[in-house]
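Each remark here refers to the structure printed beneath this line.
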Amino acid sequence: MTTHLKIDEPDHRNRLDHMAQGTLGAPLDRPEGPLKVTGTATYADEWPVEGLCHGVLVRASTDKGRVTAVGREAVEALPGVLAVVTDERFLRNPAQGMAGAAPAQGPDRIAYFGQPVALVVAETFEQARHGAETLQIAFDRSDDAVLDLESDRAAVDVPPGKQASQGDLDRAMREAVHAVDVTYRTPGHVSAAMEPHAAIATWDDGLLTLRGSYQMLRFNRLELADSLNIEPDRVRILSPYVGGGFGSKLGISPEAVAAAIAAERLGRPVSVALTRPQVFEGTTHRSETRQRIRLAADAEGRLVGIGHEALVGNLPGEVFAEPVTQATPFVYRGEHRVVGLSVARLDRTCAGSVRAPGEAVGHTALESAMDELAVATGLDPVELRRRNIPEEDPSSGLPFSSHTMRRCLDHGAEAFGWHRRKAEPGSVRDGEWLIGMGMASAVRVNMVVEARARVRLTADGRAEVETDMTDIGTGTYAILTQIASEMLGLPMDRVETRLGDTDLPSGSGSGGSFGASSTGTAVYLACEALRRDLCARLACEEEDLTLKDGMAIAGDRRVALTDLLGGQTLTEEGHVEAGETSKKVRQATYGAYFAEVAVNAVTGETRVRRMHGTFTAGRILNAKTARSQCLGAMVFGIGMALTEELLFDPRHGHIVNHDFAEYHLPVNADVPQIEVDLLEERDAWANPMQAKGIGELGICGAGAAILNAVYNACGVRVRDLPATPDKILPGLP
Amino acid sequence: MRPFDYHRATSSAEAARAVAAPGATVIAGGTNLLDLMKLEVMAPERLIDITRLDLGGIEETGDGGLRIGTLVRNADLAADARVRRDYPVLSRALLAGASGQLRNKATTGGNLMQRTRCYYFYDTAMPCNKREPGSGCGAIGGVTRLHAILGASEHCIATHPSDMAVALLALDATVELEGPEGEGRSVPLADFHRLPGDTPHIETVLQPGEIITAVTLPPPVRGRQVYRKVRDRASYAFALVSVAAVVRMEDGRIAHAALAFGGLAHKPWRDPAVEDLLVGEAPSEALFDRAADRLLADARGQGGNDFKIPLARRTLKAVLADATREAAA
């Protein structure tokens with residue numbers, strides 16, 4: 001049976017607080033952890049497949065134009081080379097998240113430098129790679145490529161749905177006691193998952209099995225089938241382990257389609273793994289942004305107006321636009337508002353979702369501007385934010401489902417020791433280092449995506465959880481196991497969770513921080529149905545049933561589950577989808593960041609000394625994996641503030657720093673002690689578990705706390721991220 | 001990666017003979033060469049593996065210096081007690097470079113022979129006079145954040161990436177070479193690397209049929225040694241600017257000053273005029289400014305690396321203040 005829930009109303013029952021097993025929320029280890037740390041978890045390109053041959057993609061080395069010739073004969077004559085494969089179904093652009101249909105295809109038309117145009121397949125990876133490097137491709141280059149976000153020649157779309165205004169912001173700015181009107185710029189970012197995109201395609205009697213590394217399998221299957229012009233039921237995707245995605249594996253990438261086509265043509269399984277530069281060039285990256293932020297405040301620092309107008313870029317025809325202003329409509333008060341998003345059409349590699357699209361860069365810029373307003377008003381930055389927490393969503397008038405920013409600000413300030421901060425920039429020095437503190441709020445929209453999961457309670461008293469949901473390193477195996485363990489009263493080792501197989505019921509996929517709450521709710525619903533099945537056998541009400549350690553307890557009866565099942569296995573499916581709640585309440589997660597940095601007074605080098613984050617996200621399903629998510633998120637904040645930047649060649653638009661040597665992610669030495677406090681919260685509007693997404697929250701604004709600390713340290717306001725030494729140097733004495 | 005032959009050398013002279021053949025290249029730690037071969041930036045036909053030769057070990061020389069075998073790993077060299085005591089600038093420079101894993105593999109000779117990290121050298125779709133002589137310089141007019149401000153040419157603006165070599169240069173190190181008949185010669189490190197001129201693909205004075213066997217340090221100079229590296233992140237980033245300094249003070253005046261710079265040029269950079277200007281003088285901000293003026297008199301930015309000029313000035317002055325203050329105390 002399938003239990004269906006469309007979330008239209010809050011669920012105040014809060015059933016999980018009445019369960020007895022005690023596993024949910026606990027800081028438990030990942031069940032699959034030992035496999036991962038011993039190298040025995042099988043990632044996409046690691047499957048032992050008999051007869052496997054290897055394909056390496058070949059890129060376009062021009063920015064815009066057309067392929068005129070492919071020198072296949074010379075390469076096909078090389079030792080080991082089986083074929084040079086080209087096909088009009090090859091992807092030109094990677095698929096966007098939740099596309100569920102083929103992205104732009106047809107590699108002969110070059111849309112950007114680095115676009116895959118051909119595949120060389122050989123017996124070994126090394127032979128294929130040599131073939132790919134040898135392959136000569138002739139191009140006709142068109143001379144009208146637009147490569148700069150702010151180019152006068154760029155066509156700029158202004159999507160009507162992305163513009164909103166109320167009141168009269170221009171007037172509010174003129175009449176404001178304190179006004180800030182600043183422009184921030186953020187560079188392109190890459191997801192930087194450790195596992196490169198890879199796929200092994202095998203055809204068997206017209207059925208395609210693709211072992212790949214993807215985040216959202218039910219969509220990925222549709223994208224792959226549509227790209228190949230076959231029915232979705234002929235495609236099976238397996239992604240049991242995914243070595244990080246961070247948005248870049250939401251949709252399929254060129255390797256999936258190329259592997260499938262080559263395998264069909266050669267009649268052999270084909271593996272296609274992207275090299276690191278190909279991951280940079282051929283999958284999605286985060287757009288650069290230009291953000292004008294206007295803040296108008298009264299004498300007490302209360303906002304009367306907010307403007308947030310952003311320019312982002314993407315390839316012509318791509319619908320994705322970095323949703324920079326996503327949280328601005330509701331995060332602070334102010335009756336006069338302008339929010340706008342424009343998209344410049346660029347002939348550069350495809351932009352898409354990367355690590356908290358929207359707030360990651362948008363809230364970071366807004367929170368930097370808020371720090372500028374704190375300076376203008378003379379208010380403490382924490383107090384400024386406290387004064388501007390709205391009572392209701394100021395754009396829609398909807399109530400908040402819950403609002404925890406104030407709690408997070410207060411708790412974080414106390415835990416961090418914010419009172420020790422000196423407001424005057426440059427007033428704390430430690431030898432050559434100028435020390436500063438900064439803070440910012442965190443906010444991320446919360447959402448539910450349709451998801452299904454099946455739970456089987458077996459005759460021998462175990463449970464099996466099955467869904468095509470993925471674990472991209474976030475802890476999905478752990479939390480789904482915990483939900484079933486808690487609901488069914490089974491120890492963790494009696495619950496097995498199977499993920500990442502499109503033959504299983506369709507989960508939400510991993511993305512947008514919705515995986516845990518969406519697919520988790522589907523598991524919850526299935527378990528609740530199983531509890532009802534057991535109640536029928538016990539003739540009791542579900543509320544009166546206690547399940548713990550394999551025993552069912554109701555009133556004065558205590559029965560072993562195995563006896564209650566009497567040799568039968570019970571199976572239930574949960575199915576959840578988003579309902580009307582977004583029309584009734586504004587729902588989000590909140591937090592606060594505090595950072596202490598040291599800026600070298602000689603060189604302008606910045607090092608983060610310590611960082612604190614306080615967050616709420618409804619019920620925390622696993623205190624350990626949730627904390628790990630926040631830690632990693634704040635490391636992204638360090639990268640965004642200080643080191644990460646895609647460098648595009650101005651003449652060709654290609655990414656010049658397309659590896660981890662030159663694209664600077666924070667490494668161990670850049671990451672100081674980071675503290676994470678998760679405050680208790682329940683949000684009945686979220687779902688029956690009262691849990692919200694946490695994966696991305698810790699990214700949204702984290703960089704601003706660091707940039708604001710840089711300002712406090714040395715008085716330099718960096719509005720063009722990242723704050724590398726060259727940007728700080730001119731402002732130093 | 002292109003198919004290649006592999007030859008394991010049995011003696012240094014035999015290695016030198018083997019490497020004399022066109023298309024032959026020495027491999028030791030391989031930390032840079034293998035990356036470049038995978039990218040086909042380098043495509044040697046034959047690798048001469050010298051790692052089984054007896055070219056490791058650090059020995060004291062008769063005159064009180066140190067002889068560092070070419071195969072000594074960067075990690076071992078940095079940790080050597082004599083190096084840490086007498087040549088701390090070298091130890092610090094080594095530890096400022098690469099990562100622990102790379103230092104465990106990378107060798108002394110290999111470190112000197114590593115190639116530039118210029119983005120355009122690494123991308124075979126771009127022109128590069130170093131990779132393909134005569135094809136042009138892709139970096140000029142492109143992204144030049146990493147590039148040289150001193151000694152560059154219209155053919156190449158790449159920088160040398162080594163930290164170790166900068167410290168060795170300040171220590172007046174000598175590179176020992178051996179030829180195919182077993183004949184040796186010594187080249188001061190200052191003369192080992194070349195400026196790009198119109199032949200940026202020729203990076204050292206190493207001749208075909210020569211291999212590096214050792215690097216020799218003269219007896220330690222008393223005084224203070226400083227290595228300072230300015231970088232975009234705290235680990236595993238190449239120097240924007242680095243300074244190695246060996247400075248001795250006598251009676252409140254600078255008696256000896258050896259200054260070498262990384263991140264500024266096609267080779268580890270040393271300018272005797274800067275040192276001459278300092279020696280015999282009492283340290284002062286004005287003096288340090290004059291030293292920086294001298295160092296940077298011919299500096300020229302490419303746009304993206306213009307910041308290196310003030311950064312080099314500030315870093316040099318801070319290093320001099322540090323080295324002279326400590327030494328005086």
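Residue numbers start at 1 in each chain; chains themselves are named A, B, ... in the order of the structure tokens; ligands are numbered from 1 in the order shown.
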
Fill in: 9 Å contacts from chain B to chain A using only C-alpha atoms, as an MDAnalysis selection string
chainID B and resid 1:3 38:40 117 119:120 123:126 141:143 230:238 305:308 310:312 314:315 318

Just the selected residues (N, CA and C atoms), exported as a compact mmCIF listing (two decimals), in the first residue's frame, please.
```txt
# COMPACT_ATOMS: atom_id res chain seq x y z
N MET B 1 48.39 10.45 -22.25
CA MET B 1 49.82 10.17 -22.11
C MET B 1 50.29 9.37 -23.32
N ARG B 2 51.41 9.79 -23.88
CA ARG B 2 51.93 9.04 -25.03
C ARG B 2 52.75 7.86 -24.56
N PRO B 3 52.76 6.81 -25.30
CA PRO B 3 53.61 5.67 -24.93
C PRO B 3 55.08 6.13 -24.87
N LYS B 38 50.77 13.35 -18.45
CA LYS B 38 49.35 13.00 -18.61
C LYS B 38 48.63 14.03 -19.48
N LEU B 39 49.03 15.28 -19.30
CA LEU B 39 48.40 16.35 -20.08
C LEU B 39 49.03 16.48 -21.47
N GLU B 40 50.11 15.72 -21.71
CA GLU B 40 50.88 15.81 -22.95
C GLU B 40 51.47 17.20 -23.16
N ARG B 117 54.20 27.04 -13.50
CA ARG B 117 52.77 26.74 -13.37
C ARG B 117 51.92 27.70 -14.19
N TYR B 119 49.34 29.08 -16.45
CA TYR B 119 48.12 28.42 -16.94
C TYR B 119 48.22 28.06 -18.42
N TYR B 120 48.88 28.88 -19.17
CA TYR B 120 48.89 28.72 -20.62
C TYR B 120 49.90 27.67 -21.06
N ASP B 123 47.96 24.36 -20.72
CA ASP B 123 46.79 24.10 -21.56
C ASP B 123 47.25 23.98 -23.01
N THR B 124 47.21 22.74 -23.53
CA THR B 124 47.77 22.49 -24.85
C THR B 124 46.96 23.15 -25.97
N ALA B 125 45.80 23.70 -25.65
CA ALA B 125 45.04 24.42 -26.68
C ALA B 125 45.52 25.86 -26.82
N MET B 126 46.38 26.28 -25.93
CA MET B 126 46.87 27.66 -25.94
C MET B 126 48.28 27.71 -26.54
N GLY B 141 48.35 39.27 -22.37
CA GLY B 141 46.99 39.64 -22.77
C GLY B 141 45.93 38.77 -22.14
N GLY B 142 46.35 37.75 -21.40
CA GLY B 142 45.39 36.86 -20.75
C GLY B 142 45.36 37.10 -19.25
N VAL B 143 45.18 36.00 -18.51
CA VAL B 143 45.14 36.10 -17.05
C VAL B 143 46.58 36.02 -16.55
N VAL B 230 54.45 34.88 0.41
CA VAL B 230 53.11 35.46 0.37
C VAL B 230 52.30 34.66 -0.63
N ARG B 231 51.14 34.21 -0.20
CA ARG B 231 50.38 33.27 -1.02
C ARG B 231 48.88 33.45 -0.80
N ASP B 232 48.11 32.92 -1.75
CA ASP B 232 46.66 33.10 -1.70
C ASP B 232 45.98 32.22 -0.66
N ARG B 233 46.59 31.10 -0.33
CA ARG B 233 46.04 30.31 0.77
C ARG B 233 47.21 29.74 1.57
N ALA B 234 46.89 29.17 2.71
CA ALA B 234 47.95 28.89 3.67
C ALA B 234 48.78 27.67 3.31
N SER B 235 48.28 26.82 2.42
CA SER B 235 49.03 25.64 2.03
C SER B 235 48.78 25.35 0.57
N TYR B 236 49.77 24.73 -0.08
CA TYR B 236 49.63 24.33 -1.46
C TYR B 236 49.16 25.47 -2.37
N ALA B 237 49.93 26.52 -2.35
CA ALA B 237 49.73 27.60 -3.32
C ALA B 237 51.12 28.12 -3.66
N PHE B 238 51.31 28.47 -4.91
CA PHE B 238 52.60 28.98 -5.32
C PHE B 238 52.74 30.43 -4.86
N ASN B 305 49.09 41.17 -12.68
CA ASN B 305 50.12 40.97 -11.66
C ASN B 305 50.73 42.29 -11.19
N ASP B 306 50.10 43.41 -11.54
CA ASP B 306 50.66 44.71 -11.12
C ASP B 306 50.85 44.78 -9.61
N PHE B 307 49.95 44.11 -8.89
CA PHE B 307 50.02 44.18 -7.42
C PHE B 307 51.31 43.59 -6.87
N LYS B 308 51.98 42.77 -7.67
CA LYS B 308 53.22 42.17 -7.17
C LYS B 308 54.29 43.22 -6.91
N PRO B 310 54.01 46.51 -5.62
CA PRO B 310 53.96 46.97 -4.21
C PRO B 310 54.09 45.82 -3.21
N LEU B 311 53.59 44.66 -3.58
CA LEU B 311 53.68 43.54 -2.64
C LEU B 311 55.14 43.14 -2.42
N ALA B 312 55.92 43.12 -3.49
CA ALA B 312 57.34 42.77 -3.35
C ALA B 312 58.05 43.82 -2.50
N ARG B 314 56.76 45.75 -0.13
CA ARG B 314 56.36 45.64 1.27
C ARG B 314 56.97 44.40 1.91
N THR B 315 57.00 43.32 1.15
CA THR B 315 57.52 42.08 1.72
C THR B 315 59.02 42.18 1.95
N ALA B 318 59.66 44.33 5.02
CA ALA B 318 59.34 43.62 6.27
C ALA B 318 60.40 42.57 6.58
```

Item to complete: Would you return as number ranges by chain the members of region 4-215 of chain B that DSSP assigns to alpha helix (DSSP H) on this structure's backbone?
Response: B: 12-19, 33-38, 74-79, 81-86, 88-96, 100-105, 108-113, 119-122, 164-170, 189-192

Fill in: Contacts of Leu112 (chain B) within 8 Å, only C-alpha atoms, excl. fewer than 4 positions in-chain, as a PyMOL selection string
chain B and resi 108+162+164-165

I need the chosen residues saved as a compact mmCIF listing (two decimals), in the first residue's frame, with N, CA and C atoms.
```txt
# COMPACT_ATOMS: atom_id res chain seq x y z
N THR B 108 65.53 16.81 -4.66
CA THR B 108 66.25 18.07 -4.71
C THR B 108 66.50 18.50 -6.16
N SER B 162 59.55 27.31 -7.79
CA SER B 162 60.18 26.68 -6.63
C SER B 162 60.35 27.63 -5.45
N MET B 164 62.22 26.12 -2.77
CA MET B 164 63.53 25.62 -2.37
C MET B 164 64.66 26.36 -3.08
N ALA B 165 64.47 26.56 -4.39
CA ALA B 165 65.54 27.17 -5.19
C ALA B 165 65.80 28.61 -4.75
```

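Coordinates place CA of Gln326 (chain A) at a distance of 12.5 Å from CA of Val338 (chain A).
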
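Reported to one decimal place, the separation of CA of Thr325 (chain A) from CA of Ala344 (chain A) is 16.0 Å.
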
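Every protein, DNA or RNA residue with an atom at most 10 Å from Leu206 (chain B), where only C-alpha atoms count and chain neighbours fewer than 2 positions away do not, is listed here: B:Met113, B:Leu177, B:Glu178, B:Gly179, B:Val187, B:Phe192, B:His193, B:Ile202, B:Glu203, B:Thr204, B:Pro208, B:Gly209, B:Glu210, B:Ile211, B:Ile212.
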
Discussion item. Which residues are close to Ile254 (chain B), i.e. within 9 Å by only C-alpha atoms, leaving aside same-chain residues fewer than 5 positions away? Reply as a PyMOL selection string.
Written reply: chain B and resi 247-249+278-283+324

Practice prompt. Extract, using only C-alpha atoms, all DNA, RNA and protein residues at most 8 Å from region 144-160 of chain B, discarding same-chain residues fewer than 2 positions from it, and format them as a VMD selection string.
Written response: chain B and resid 115 to 118 128 to 130 136 to 137 139 to 142 162 195 to 200 240 262 to 268 296 298 to 306 308 to 309

Would you mind exporting the chosen residues as a short mmCIF file (atom, residue, chain, number, x, y, z; two decimals), in the first residue's frame, restricted to N, CA, C and O atoms?
```cif
data_model
loop_
_atom_site.label_atom_id
_atom_site.label_comp_id
_atom_site.auth_asym_id
_atom_site.auth_seq_id
_atom_site.Cartn_x
_atom_site.Cartn_y
_atom_site.Cartn_z
N ARG B 115 58.78 22.68 -13.80
CA ARG B 115 58.37 23.63 -14.83
C ARG B 115 57.45 24.69 -14.23
O ARG B 115 56.87 24.52 -13.16
N THR B 116 57.26 25.75 -14.97
CA THR B 116 56.39 26.83 -14.52
C THR B 116 54.95 26.35 -14.36
O THR B 116 54.53 25.39 -14.99
N ARG B 117 54.20 27.04 -13.50
CA ARG B 117 52.77 26.74 -13.37
C ARG B 117 51.92 27.70 -14.19
O ARG B 117 50.72 27.81 -13.96
N CYS B 118 52.50 28.37 -15.13
CA CYS B 118 51.72 29.26 -16.01
C CYS B 118 50.54 28.49 -16.59
O CYS B 118 50.69 27.41 -17.14
N CYS B 128 52.14 28.62 -26.55
CA CYS B 128 53.14 28.79 -25.49
C CYS B 128 54.52 28.55 -26.09
O CYS B 128 54.79 27.47 -26.61
N ASN B 129 55.34 29.55 -25.99
CA ASN B 129 56.69 29.43 -26.55
C ASN B 129 57.57 28.44 -25.79
O ASN B 129 58.58 27.97 -26.29
N LYS B 130 57.17 28.16 -24.58
CA LYS B 130 57.92 27.21 -23.77
C LYS B 130 57.58 25.79 -24.22
O LYS B 130 58.45 24.93 -24.32
N GLY B 136 54.03 31.47 -29.80
CA GLY B 136 53.55 32.70 -29.17
C GLY B 136 53.33 32.50 -27.68
O GLY B 136 53.41 31.39 -27.17
N CYS B 137 53.07 33.61 -27.01
CA CYS B 137 52.82 33.54 -25.57
C CYS B 137 51.33 33.76 -25.32
O CYS B 137 50.80 34.82 -25.62
N ALA B 139 49.92 33.83 -22.42
CA ALA B 139 49.66 34.55 -21.17
C ALA B 139 49.57 36.05 -21.38
O ALA B 139 48.76 36.72 -20.75
N ILE B 140 50.41 36.57 -22.28
CA ILE B 140 50.40 38.03 -22.51
C ILE B 140 49.04 38.40 -23.08
O ILE B 140 48.61 37.88 -24.10
N GLY B 141 48.35 39.27 -22.37
CA GLY B 141 46.99 39.64 -22.77
C GLY B 141 45.93 38.77 -22.14
O GLY B 141 44.74 39.00 -22.33
N GLY B 142 46.35 37.75 -21.40
CA GLY B 142 45.39 36.86 -20.75
C GLY B 142 45.36 37.10 -19.25
O GLY B 142 45.48 38.23 -18.79
N SER B 162 59.55 27.31 -7.79
CA SER B 162 60.18 26.68 -6.63
C SER B 162 60.35 27.63 -5.45
O SER B 162 60.71 28.79 -5.62
N LEU B 195 66.98 33.27 -17.99
CA LEU B 195 65.85 34.15 -18.27
C LEU B 195 65.26 33.74 -19.62
O LEU B 195 65.94 33.09 -20.43
N PRO B 196 64.00 34.11 -19.89
CA PRO B 196 63.35 33.55 -21.07
C PRO B 196 63.93 34.04 -22.40
O PRO B 196 64.12 33.25 -23.32
N GLY B 197 64.22 35.34 -22.48
CA GLY B 197 64.71 35.88 -23.76
C GLY B 197 63.83 35.40 -24.90
O GLY B 197 62.60 35.40 -24.78
N ASP B 198 64.46 34.98 -25.99
CA ASP B 198 63.66 34.45 -27.10
C ASP B 198 63.73 32.93 -27.17
O ASP B 198 63.32 32.33 -28.17
N THR B 199 64.24 32.31 -26.09
CA THR B 199 64.26 30.85 -26.03
C THR B 199 63.71 30.36 -24.67
O THR B 199 64.42 29.72 -23.91
N PRO B 200 62.47 30.70 -24.38
CA PRO B 200 61.95 30.34 -23.05
C PRO B 200 61.85 28.83 -22.82
O PRO B 200 61.70 28.41 -21.67
N LEU B 240 53.05 34.25 -4.51
CA LEU B 240 52.83 35.50 -5.23
C LEU B 240 54.15 36.26 -5.22
O LEU B 240 54.59 36.78 -6.24
N GLY B 262 61.30 34.83 -5.02
CA GLY B 262 60.48 33.92 -5.83
C GLY B 262 59.20 34.61 -6.27
O GLY B 262 58.81 35.64 -5.72
N GLY B 263 58.59 34.07 -7.30
CA GLY B 263 57.31 34.61 -7.77
C GLY B 263 57.44 35.83 -8.65
O GLY B 263 56.45 36.35 -9.14
N LEU B 264 58.67 36.31 -8.85
CA LEU B 264 58.85 37.56 -9.59
C LEU B 264 59.36 37.36 -11.00
O LEU B 264 59.17 38.24 -11.85
N ALA B 265 60.01 36.23 -11.23
CA ALA B 265 60.73 36.11 -12.51
C ALA B 265 60.76 34.67 -12.99
O ALA B 265 60.35 33.74 -12.31
N HIS B 266 61.30 34.51 -14.16
CA HIS B 266 61.45 33.22 -14.82
C HIS B 266 62.42 32.32 -14.08
O HIS B 266 62.50 31.12 -14.33
N LYS B 267 63.21 32.91 -13.21
CA LYS B 267 64.16 32.14 -12.41
C LYS B 267 64.16 32.73 -11.01
O LYS B 267 63.70 33.87 -10.82
N PRO B 268 64.64 31.99 -10.05
CA PRO B 268 64.82 32.60 -8.73
C PRO B 268 65.68 33.85 -8.90
O PRO B 268 66.71 33.79 -9.57
N LEU B 296 63.16 46.93 -7.77
CA LEU B 296 61.97 47.03 -8.63
C LEU B 296 62.11 48.10 -9.71
O LEU B 296 61.14 48.43 -10.39
N ASP B 298 63.25 48.08 -12.61
CA ASP B 298 62.85 47.67 -13.97
C ASP B 298 61.59 46.80 -13.96
O ASP B 298 61.29 46.14 -14.97
N ALA B 299 60.90 46.77 -12.84
CA ALA B 299 59.72 45.91 -12.75
C ALA B 299 58.63 46.41 -13.67
O ALA B 299 58.41 47.61 -13.82
N ARG B 300 57.95 45.44 -14.29
CA ARG B 300 56.89 45.81 -15.22
C ARG B 300 55.74 44.80 -15.04
O ARG B 300 55.95 43.59 -15.13
N GLY B 301 54.57 45.33 -14.77
CA GLY B 301 53.40 44.46 -14.59
C GLY B 301 52.71 44.21 -15.91
O GLY B 301 52.94 44.90 -16.90
N GLN B 302 51.85 43.18 -15.89
CA GLN B 302 51.08 42.82 -17.09
C GLN B 302 49.61 43.14 -16.91
O GLN B 302 48.77 42.69 -17.68
N GLY B 303 49.28 43.86 -15.85
CA GLY B 303 47.88 44.11 -15.51
C GLY B 303 47.48 43.27 -14.31
O GLY B 303 47.43 43.75 -13.19
N GLY B 304 47.27 42.00 -14.57
CA GLY B 304 46.82 41.10 -13.50
C GLY B 304 47.84 40.90 -12.40
O GLY B 304 47.48 40.49 -11.30
N ASN B 305 49.09 41.17 -12.68
CA ASN B 305 50.12 40.97 -11.66
C ASN B 305 50.73 42.29 -11.19
O ASN B 305 51.76 42.29 -10.51
N ASP B 306 50.10 43.41 -11.54
CA ASP B 306 50.66 44.71 -11.12
C ASP B 306 50.85 44.78 -9.61
O ASP B 306 51.79 45.41 -9.12
N LYS B 308 51.98 42.77 -7.67
CA LYS B 308 53.22 42.17 -7.17
C LYS B 308 54.29 43.22 -6.91
O LYS B 308 55.20 42.99 -6.11
N ILE B 309 54.20 44.34 -7.61
CA ILE B 309 55.24 45.36 -7.44
C ILE B 309 55.17 45.97 -6.03
O ILE B 309 56.15 45.91 -5.30
#
```

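Taking CA of Arg429 (chain A) as the reference point, CA of Ala713 (chain A) is found at 8.3 Å.
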
Practice prompt. Excluding Ala351 (chain A) and any residue of its chain fewer than 4 positions from it, enumerate the residues within 6 Å of it, using only C-alpha atoms, and give them as JSON, numbers by chain.
Written response: {"A": [284, 285, 286, 287, 314]}

Residue subset to file, keeping N, CA, C and O atoms, as a JSON list (two decimals), in the first residue's frame:
```json
[["chain", "number", "residue", "atom", "x", "y", "z"],
["A", 284, "THR", "N", 28.30, 22.14, -14.77],
["A", 284, "THR", "CA", 27.84, 23.50, -14.44],
["A", 284, "THR", "C", 28.74, 24.17, -13.40],
["A", 284, "THR", "O", 29.30, 23.52, -12.54],
["A", 285, "HIS", "N", 28.83, 25.47, -13.51],
["A", 285, "HIS", "CA", 29.53, 26.28, -12.51],
["A", 285, "HIS", "C", 28.56, 27.37, -12.03],
["A", 285, "HIS", "O", 27.53, 27.61, -12.66],
["A", 286, "ARG", "N", 28.93, 28.02, -10.91],
["A", 286, "ARG", "CA", 28.10, 29.12, -10.45],
["A", 286, "ARG", "C", 28.46, 30.38, -11.24],
["A", 286, "ARG", "O", 29.63, 30.70, -11.42],
["A", 287, "SER", "N", 27.41, 31.07, -11.66],
["A", 287, "SER", "CA", 27.61, 32.32, -12.40],
["A", 287, "SER", "C", 28.32, 33.36, -11.53],
["A", 287, "SER", "O", 28.16, 33.40, -10.32],
["A", 314, "ASN", "N", 24.43, 33.36, -18.10],
["A", 314, "ASN", "CA", 24.33, 31.96, -18.53],
["A", 314, "ASN", "C", 24.35, 31.92, -20.05],
["A", 314, "ASN", "O", 24.24, 32.94, -20.72]]
```

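Considering only C-alpha atoms, the residue among A:Cys714, A:Leu52, A:Leu373, A:Ile306 positioned nearest to Gly340 (chain A) is A:Ile306.
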